[in-house]
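Novice: So here's my_file.pdb (PDB, C-alpha atoms).
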```pdb
ATOM      1  CA  LEU O  18    -162.943 130.867-217.176
ATOM      2  CA  PHE O  19    -162.855 129.302-213.727
ATOM      3  CA  SER O  20    -162.263 130.256-210.119
ATOM      4  CA  ALA O  21    -162.576 128.440-206.816
ATOM      5  CA  SER O  22    -161.818 129.101-203.178
ATOM      6  CA  GLN O  23    -161.088 126.581-200.442
ATOM      7  CA  GLU O  24    -161.058 126.746-196.656
ATOM      8  CA  PHE O  25    -157.951 124.525-196.543
ATOM      9  CA  SER O  26    -154.617 124.102-198.276
ATOM     10  CA  PRO O  27    -154.476 121.561-201.144
ATOM     11  CA  TYR O  28    -150.928 120.820-199.929
ATOM     12  CA  ASN O  29    -152.200 119.510-196.580
ATOM     13  CA  VAL O  30    -152.177 115.845-197.605
ATOM     14  CA  VAL O  31    -150.549 112.709-196.279
ATOM     15  CA  ALA O  32    -147.152 112.042-197.896
ATOM     16  CA  TRP O  33    -147.005 115.274-199.898
ATOM     17  CA  HIS O  34    -143.617 115.106-201.584
ATOM     18  CA  GLY O  35    -143.511 118.606-203.000
ATOM     19  CA  ASN O  36    -142.407 117.876-206.580
ATOM     20  CA  TYR O  37    -145.706 118.994-208.086
ATOM     21  CA  ALA O  38    -147.317 122.386-207.693
ATOM     22  CA  PRO O  39    -150.276 124.041-209.422
ATOM     23  CA  TYR O  40    -149.270 126.411-212.174
ATOM     24  CA  LYS O  41    -151.288 128.851-214.225
ATOM     25  CA  TYR O  42    -150.136 129.671-217.776
ATOM     26  CA  ASP O  43    -151.841 132.137-220.114
ATOM     27  CA  LEU O  44    -152.040 130.288-223.449
ATOM     28  CA  LYS O  45    -152.255 133.608-225.302
ATOM     29  CA  ASP O  46    -148.604 134.163-224.328
ATOM     30  CA  PHE O  47    -147.433 131.017-226.171
ATOM     31  CA  CYS O  48    -145.449 131.852-229.309
ATOM     32  CA  PRO O  49    -144.655 128.941-231.664
ATOM     33  CA  MET O  50    -141.347 129.379-233.448
ATOM     34  CA  ASN O  51    -141.109 128.002-236.951
ATOM     35  CA  ALA O  52    -140.267 128.930-240.512
ATOM     36  CA  VAL O  53    -142.229 126.876-242.986
ATOM     37  CA  GLY O  54    -141.002 126.955-246.569
ATOM     38  CA  TYR O  55    -143.839 124.854-247.893
ATOM     39  CA  ASP O  56    -146.826 122.817-246.747
ATOM     40  CA  HIS O  57    -148.792 123.006-243.512
ATOM     41  CA  PRO O  58    -146.570 123.088-240.387
ATOM     42  CA  ASP O  59    -146.393 119.965-238.269
ATOM     43  CA  PRO O  60    -148.550 120.429-235.142
ATOM     44  CA  SER O  61    -145.597 119.478-232.933
ATOM     45  CA  ILE O  62    -144.267 123.048-233.228
ATOM     46  CA  PHE O  63    -147.307 124.143-231.195
ATOM     47  CA  THR O  64    -146.569 121.796-228.248
ATOM     48  CA  VAL O  65    -146.775 123.567-224.877
ATOM     49  CA  LEU O  66    -146.437 120.521-222.595
ATOM     50  CA  THR O  67    -145.428 116.936-223.277
ATOM     51  CA  CYS O  68    -145.335 113.750-221.241
ATOM     52  CA  PRO O  69    -142.527 111.626-222.693
ATOM     53  CA  SER O  70    -142.668 107.846-222.745
ATOM     54  CA  GLN O  71    -139.862 105.344-222.345
ATOM     55  CA  GLU O  72    -139.752 105.039-226.146
ATOM     56  CA  PRO O  73    -137.501 107.820-227.536
ATOM     57  CA  GLY O  74    -139.383 110.256-229.752
ATOM     58  CA  THR O  75    -142.793 109.022-228.601
ATOM     59  CA  ALA O  76    -144.977 110.882-226.129
ATOM     60  CA  VAL O  77    -147.629 109.478-223.830
ATOM     61  CA  ALA O  78    -149.511 112.750-224.320
ATOM     62  CA  ASP O  79    -148.870 116.204-225.767
ATOM     63  CA  PHE O  80    -150.772 119.414-225.044
ATOM     64  CA  VAL O  81    -150.800 121.645-228.122
ATOM     65  CA  VAL O  82    -152.206 125.155-228.539
ATOM     66  CA  PHE O  83    -152.960 126.961-231.802
ATOM     67  CA  PRO O  84    -152.632 130.696-231.080
ATOM     68  CA  PRO O  85    -153.110 133.520-233.584
ATOM     69  CA  ARG O  86    -150.163 133.526-236.015
ATOM     70  CA  TRP O  87    -148.953 134.486-239.470
ATOM     71  CA  SER O  88    -148.921 132.139-242.455
ATOM     72  CA  VAL O  89    -146.238 133.157-244.920
ATOM     73  CA  ALA O  90    -145.518 129.989-246.926
ATOM     74  CA  GLU O  91    -145.682 130.469-250.682
ATOM     75  CA  ASN O  92    -147.064 128.093-253.338
ATOM     76  CA  THR O  93    -148.689 125.816-250.793
ATOM     77  CA  PHE O  94    -151.985 124.646-249.368
ATOM     78  CA  ARG O  95    -152.086 126.336-245.976
ATOM     79  CA  PRO O  96    -154.903 124.781-243.929
ATOM     80  CA  PRO O  97    -154.315 121.386-242.307
ATOM     81  CA  TYR O  98    -154.347 118.863-245.140
ATOM     82  CA  TYR O  99    -156.124 115.494-245.019
ATOM     83  CA  HIS O 100    -153.989 113.189-242.929
ATOM     84  CA  ARG O 101    -153.855 110.316-240.433
ATOM     85  CA  ASN O 102    -151.912 110.208-237.185
ATOM     86  CA  CYS O 103    -150.363 107.387-235.200
ATOM     87  CA  MET O 104    -151.759 109.064-232.047
ATOM     88  CA  SER O 105    -155.390 109.956-231.350
ATOM     89  CA  GLU O 106    -156.214 113.678-231.288
ATOM     90  CA  PHE O 107    -158.756 115.452-229.113
ATOM     91  CA  MET O 108    -159.175 119.012-230.306
ATOM     92  CA  GLY O 109    -161.191 121.886-228.864
ATOM     93  CA  LEU O 110    -161.916 125.522-229.640
ATOM     94  CA  ILE O 111    -161.818 127.950-226.707
ATOM     95  CA  HIS O 112    -162.808 131.070-228.662
ATOM     96  CA  GLY O 113    -162.703 132.445-232.196
ATOM     97  CA  GLU O 114    -162.911 130.586-235.506
ATOM     98  CA  TYR O 115    -160.715 127.583-236.363
ATOM     99  CA  GLU O 116    -159.030 127.852-239.780
ATOM    100  CA  ALA O 117    -159.905 124.367-241.060
ATOM    101  CA  LYS O 118    -163.634 124.387-240.267
ATOM    102  CA  LYS O 119    -164.891 127.974-240.291
ATOM    103  CA  GLY O 120    -168.438 128.072-238.962
ATOM    104  CA  GLY O 121    -168.538 124.317-238.393
ATOM    105  CA  PHE O 122    -166.416 124.218-235.272
ATOM    106  CA  VAL O 123    -167.800 126.612-232.652
ATOM    107  CA  PRO O 124    -166.244 127.795-229.370
ATOM    108  CA  GLY O 125    -166.782 125.159-226.703
ATOM    109  CA  GLY O 126    -166.888 122.462-229.388
ATOM    110  CA  SER O 127    -164.474 119.577-229.674
ATOM    111  CA  SER O 128    -163.611 116.730-232.020
ATOM    112  CA  LEU O 129    -161.934 113.374-231.547
ATOM    113  CA  HIS O 130    -159.822 111.787-234.278
ATOM    114  CA  MET O 131    -158.915 108.243-233.397
ATOM    115  CA  CYS O 132    -155.569 106.696-234.276
ATOM    116  CA  MET O 133    -155.113 106.349-238.059
ATOM    117  CA  SER O 134    -158.565 107.787-238.914
ATOM    118  CA  PRO O 135    -158.355 110.249-241.832
ATOM    119  CA  HIS O 136    -159.400 113.850-241.143
ATOM    120  CA  GLY O 137    -158.865 117.348-242.511
ATOM    121  CA  PRO O 138    -160.564 120.586-243.559
ATOM    122  CA  ASP O 139    -164.190 120.799-244.670
ATOM    123  CA  THR O 140    -165.072 121.285-248.346
ATOM    124  CA  THR O 141    -165.604 125.058-248.102
ATOM    125  CA  THR O 142    -162.212 125.586-246.444
ATOM    126  CA  PHE O 143    -160.516 123.333-249.023
ATOM    127  CA  GLU O 144    -162.044 125.203-251.987
ATOM    128  CA  THR O 145    -161.304 128.642-250.508
ATOM    129  CA  ALA O 146    -157.677 127.746-249.731
ATOM    130  CA  SER O 147    -157.186 126.197-253.169
ATOM    131  CA  ASN O 148    -158.217 129.428-254.902
ATOM    132  CA  GLN O 149    -156.824 132.186-252.669
ATOM    133  CA  SER O 150    -153.615 134.138-253.174
ATOM    134  CA  ASP O 151    -150.530 132.940-251.344
ATOM    135  CA  ALA O 152    -149.682 136.365-249.915
ATOM    136  CA  PRO O 153    -148.840 136.331-246.197
ATOM    137  CA  HIS O 154    -151.949 136.494-244.027
ATOM    138  CA  HIS O 155    -152.819 136.304-240.361
ATOM    139  CA  ILE O 156    -154.483 133.112-239.075
ATOM    140  CA  GLY O 157    -156.827 132.966-236.153
ATOM    141  CA  ARG O 158    -157.051 136.554-235.025
ATOM    142  CA  ASP O 159    -158.811 136.390-231.636
ATOM    143  CA  THR O 160    -158.820 132.589-231.863
ATOM    144  CA  LEU O 161    -157.457 130.000-229.453
ATOM    145  CA  ALA O 162    -157.690 126.252-230.123
ATOM    146  CA  PHE O 163    -156.026 123.342-228.325
ATOM    147  CA  MET O 164    -155.288 119.672-228.908
ATOM    148  CA  PHE O 165    -154.329 116.691-226.751
TER     149      PHE O 165
END
```
For the structure just supplied, provide its representation as structure tokens.

Specialist:
Amino acid sequence: LFSASQEFSPYNVVAWHGNYAPYKYDLKDFCPMNAVGYDHPDPSIFTVLTCPSQEPGTAVADFVVFPPRWSVAENTFRPPYYHRNCMSEFMGLIHGEYEAKKGGFVPGGSSLHMCMSPHGPDTTTFETASNQSDAPHHIGRDTLAFMF
């Protein structure tokens, strides 16, 4: 996606302490671990990085990635349901097709859901999910989405 070269070291700065270093992580390698018996899984299981606050259980910011995965829950509505969050969400699609807005959310696109604003799947996704079988199926093959 991106490359750059420099004629100098980024570490050559006044008062460099050395606690922070650049790091490259391939998001395709992220594997969320979860067993969901019913309902759509909470997005927190997809958290890659978090910046905790002084308030226990509350983050300043989370970085979440939605990699390809299996959906195996039975007797449930699988796409993200209509909901509101106490944190704002900025979501983007790197490549592929996002499960909750097929065709309406293209690679390179993003959406912003402000604190406590309701959001969820589009009508087509809702109707398709409401009428499909609940057999296990793969979600997001060749898809990678993220959320802050």

Novice: Taking the file as shown, what set of residues would the PyMOL selection byres ((chain O and resi 133-149) around 10) give back, as a ChimeraX atom specification?

Specialist: /O:93-106,116-119,121,129-132,150-152

Novice: Running the PyMOL selection byres ((chain O and resi 88) around 8) on this model by hand, what would come out? Give it as a VMD selection string.

Specialist: chain O and resid 86 to 87 89 to 90 95 153 to 156

Novice: Rounded to one decimal, what separation in Å do you get between CA of Gly109 (chain O) and CA of Met164 (chain O)?

Specialist: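 Interatomic distance here is 6.3 Å.
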
Novice: Have a look at CA of Asp159 (chain O) and CA of Val82 (chain O) and let me know their distance in Å, one decimal.

Specialist: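 So the answer is 13.4 Å.
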
Novice: At what distance in Å, to one decimal, does CA of Leu18 (chain O) lie from CA of Glu114 (chain O)?

Specialist: 18.3 Å

Novice: When you look at region 77-79 of chain O with a cut-off of 12 Å (counting all atoms listed in the file), what residues show up, excluding the ones that are within fewer than 6 positions of it in the same chain? I need them as an mmCIF file with C-alpha atoms, keeping the file's coordinate frame.

Specialist:
```cif
data_model
loop_
_atom_site.group_PDB
_atom_site.id
_atom_site.type_symbol
_atom_site.label_atom_id
_atom_site.label_comp_id
_atom_site.auth_asym_id
_atom_site.auth_seq_id
_atom_site.Cartn_x
_atom_site.Cartn_y
_atom_site.Cartn_z
ATOM 1 C CA PRO O 60 -148.550 120.429 -235.142
ATOM 2 C CA SER O 61 -145.597 119.478 -232.933
ATOM 3 C CA ILE O 62 -144.267 123.048 -233.228
ATOM 4 C CA PHE O 63 -147.307 124.143 -231.195
ATOM 5 C CA THR O 64 -146.569 121.796 -228.248
ATOM 6 C CA VAL O 65 -146.775 123.567 -224.877
ATOM 7 C CA LEU O 66 -146.437 120.521 -222.595
ATOM 8 C CA THR O 67 -145.428 116.936 -223.277
ATOM 9 C CA CYS O 68 -145.335 113.750 -221.241
ATOM 10 C CA PRO O 69 -142.527 111.626 -222.693
ATOM 11 C CA SER O 70 -142.668 107.846 -222.745
ATOM 12 C CA GLN O 71 -139.862 105.344 -222.345
ATOM 13 C CA CYS O 103 -150.363 107.387 -235.200
ATOM 14 C CA MET O 104 -151.759 109.064 -232.047
ATOM 15 C CA SER O 105 -155.390 109.956 -231.350
ATOM 16 C CA GLU O 106 -156.214 113.678 -231.288
ATOM 17 C CA PHE O 107 -158.756 115.452 -229.113
ATOM 18 C CA MET O 108 -159.175 119.012 -230.306
ATOM 19 C CA PHE O 163 -156.026 123.342 -228.325
ATOM 20 C CA MET O 164 -155.288 119.672 -228.908
ATOM 21 C CA PHE O 165 -154.329 116.691 -226.751
#
```

Novice: Choose the residue, out of O:Ala76, O:Ala21, O:Val81, O:Val123, that has the smallest atom-to-atom separation from Leu44 (chain O); count all atoms listed in the file.

Specialist: O:Val81

Novice: To test your reading of the syntax: which residues would the PyMOL selection byres ((chain O and resi 45) around 9) return for the file shown? Reply as an NGL selection string.

Specialist: :O and (42-44 or 46-48 or 84-85 or 161)

Novice: Could I see region 117-130 of chain O restored to N, CA, C and O atoms, set down as a PDB file, keeping the file's coordinate frame?

Specialist:
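Saved the output as selection_30.pdb:
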```
ATOM      1  N   ALA O 117    -159.574 125.500-240.185  1.00  0.00           N
ATOM      2  CA  ALA O 117    -159.905 124.367-241.060  1.00  0.00           C
ATOM      3  C   ALA O 117    -161.397 124.053-241.121  1.00  0.00           C
ATOM      4  O   ALA O 117    -161.821 123.260-241.947  1.00  0.00           O
ATOM      5  N   LYS O 118    -162.188 124.665-240.255  1.00  0.00           N
ATOM      6  CA  LYS O 118    -163.634 124.387-240.267  1.00  0.00           C
ATOM      7  C   LYS O 118    -164.400 125.637-239.852  1.00  0.00           C
ATOM      8  O   LYS O 118    -165.105 125.658-238.853  1.00  0.00           O
ATOM      9  N   LYS O 119    -164.241 126.708-240.631  1.00  0.00           N
ATOM     10  CA  LYS O 119    -164.891 127.974-240.291  1.00  0.00           C
ATOM     11  C   LYS O 119    -166.403 127.813-240.254  1.00  0.00           C
ATOM     12  O   LYS O 119    -166.994 127.374-241.219  1.00  0.00           O
ATOM     13  N   GLY O 120    -166.988 128.160-239.126  1.00  0.00           N
ATOM     14  CA  GLY O 120    -168.438 128.072-238.962  1.00  0.00           C
ATOM     15  C   GLY O 120    -168.911 126.695-238.530  1.00  0.00           C
ATOM     16  O   GLY O 120    -169.990 126.552-237.989  1.00  0.00           O
ATOM     17  N   GLY O 121    -168.115 125.666-238.742  1.00  0.00           N
ATOM     18  CA  GLY O 121    -168.538 124.317-238.393  1.00  0.00           C
ATOM     19  C   GLY O 121    -167.950 123.808-237.095  1.00  0.00           C
ATOM     20  O   GLY O 121    -168.278 122.725-236.637  1.00  0.00           O
ATOM     21  N   PHE O 122    -167.085 124.604-236.513  1.00  0.00           N
ATOM     22  CA  PHE O 122    -166.416 124.218-235.272  1.00  0.00           C
ATOM     23  C   PHE O 122    -166.516 125.431-234.357  1.00  0.00           C
ATOM     24  O   PHE O 122    -165.763 126.384-234.497  1.00  0.00           O
ATOM     25  N   VAL O 123    -167.497 125.423-233.454  1.00  0.00           N
ATOM     26  CA  VAL O 123    -167.800 126.612-232.652  1.00  0.00           C
ATOM     27  C   VAL O 123    -167.076 126.584-231.308  1.00  0.00           C
ATOM     28  O   VAL O 123    -166.683 125.518-230.831  1.00  0.00           O
ATOM     29  N   PRO O 124    -166.868 127.752-230.692  1.00  0.00           N
ATOM     30  CA  PRO O 124    -166.244 127.795-229.370  1.00  0.00           C
ATOM     31  C   PRO O 124    -166.987 126.896-228.380  1.00  0.00           C
ATOM     32  O   PRO O 124    -168.209 126.854-228.353  1.00  0.00           O
ATOM     33  N   GLY O 125    -166.207 126.143-227.623  1.00  0.00           N
ATOM     34  CA  GLY O 125    -166.782 125.159-226.703  1.00  0.00           C
ATOM     35  C   GLY O 125    -166.938 123.793-227.346  1.00  0.00           C
ATOM     36  O   GLY O 125    -167.187 122.807-226.672  1.00  0.00           O
ATOM     37  N   GLY O 126    -166.773 123.724-228.667  1.00  0.00           N
ATOM     38  CA  GLY O 126    -166.888 122.462-229.388  1.00  0.00           C
ATOM     39  C   GLY O 126    -165.579 121.689-229.346  1.00  0.00           C
ATOM     40  O   GLY O 126    -164.522 122.234-229.048  1.00  0.00           O
ATOM     41  N   SER O 127    -165.672 120.413-229.642  1.00  0.00           N
ATOM     42  CA  SER O 127    -164.474 119.577-229.674  1.00  0.00           C
ATOM     43  C   SER O 127    -164.656 118.483-230.713  1.00  0.00           C
ATOM     44  O   SER O 127    -165.765 118.219-231.169  1.00  0.00           O
ATOM     45  N   SER O 128    -163.555 117.857-231.087  1.00  0.00           N
ATOM     46  CA  SER O 128    -163.611 116.730-232.020  1.00  0.00           C
ATOM     47  C   SER O 128    -162.571 115.707-231.583  1.00  0.00           C
ATOM     48  O   SER O 128    -161.560 116.058-230.980  1.00  0.00           O
ATOM     49  N   LEU O 129    -162.840 114.462-231.889  1.00  0.00           N
ATOM     50  CA  LEU O 129    -161.934 113.374-231.547  1.00  0.00           C
ATOM     51  C   LEU O 129    -161.581 112.629-232.823  1.00  0.00           C
ATOM     52  O   LEU O 129    -162.471 112.170-233.545  1.00  0.00           O
ATOM     53  N   HIS O 130    -160.300 112.529-233.115  1.00  0.00           N
ATOM     54  CA  HIS O 130    -159.822 111.787-234.278  1.00  0.00           C
ATOM     55  C   HIS O 130    -159.023 110.604-233.751  1.00  0.00           C
ATOM     56  O   HIS O 130    -157.933 110.785-233.202  1.00  0.00           O
TER      57      HIS O 130
END
```
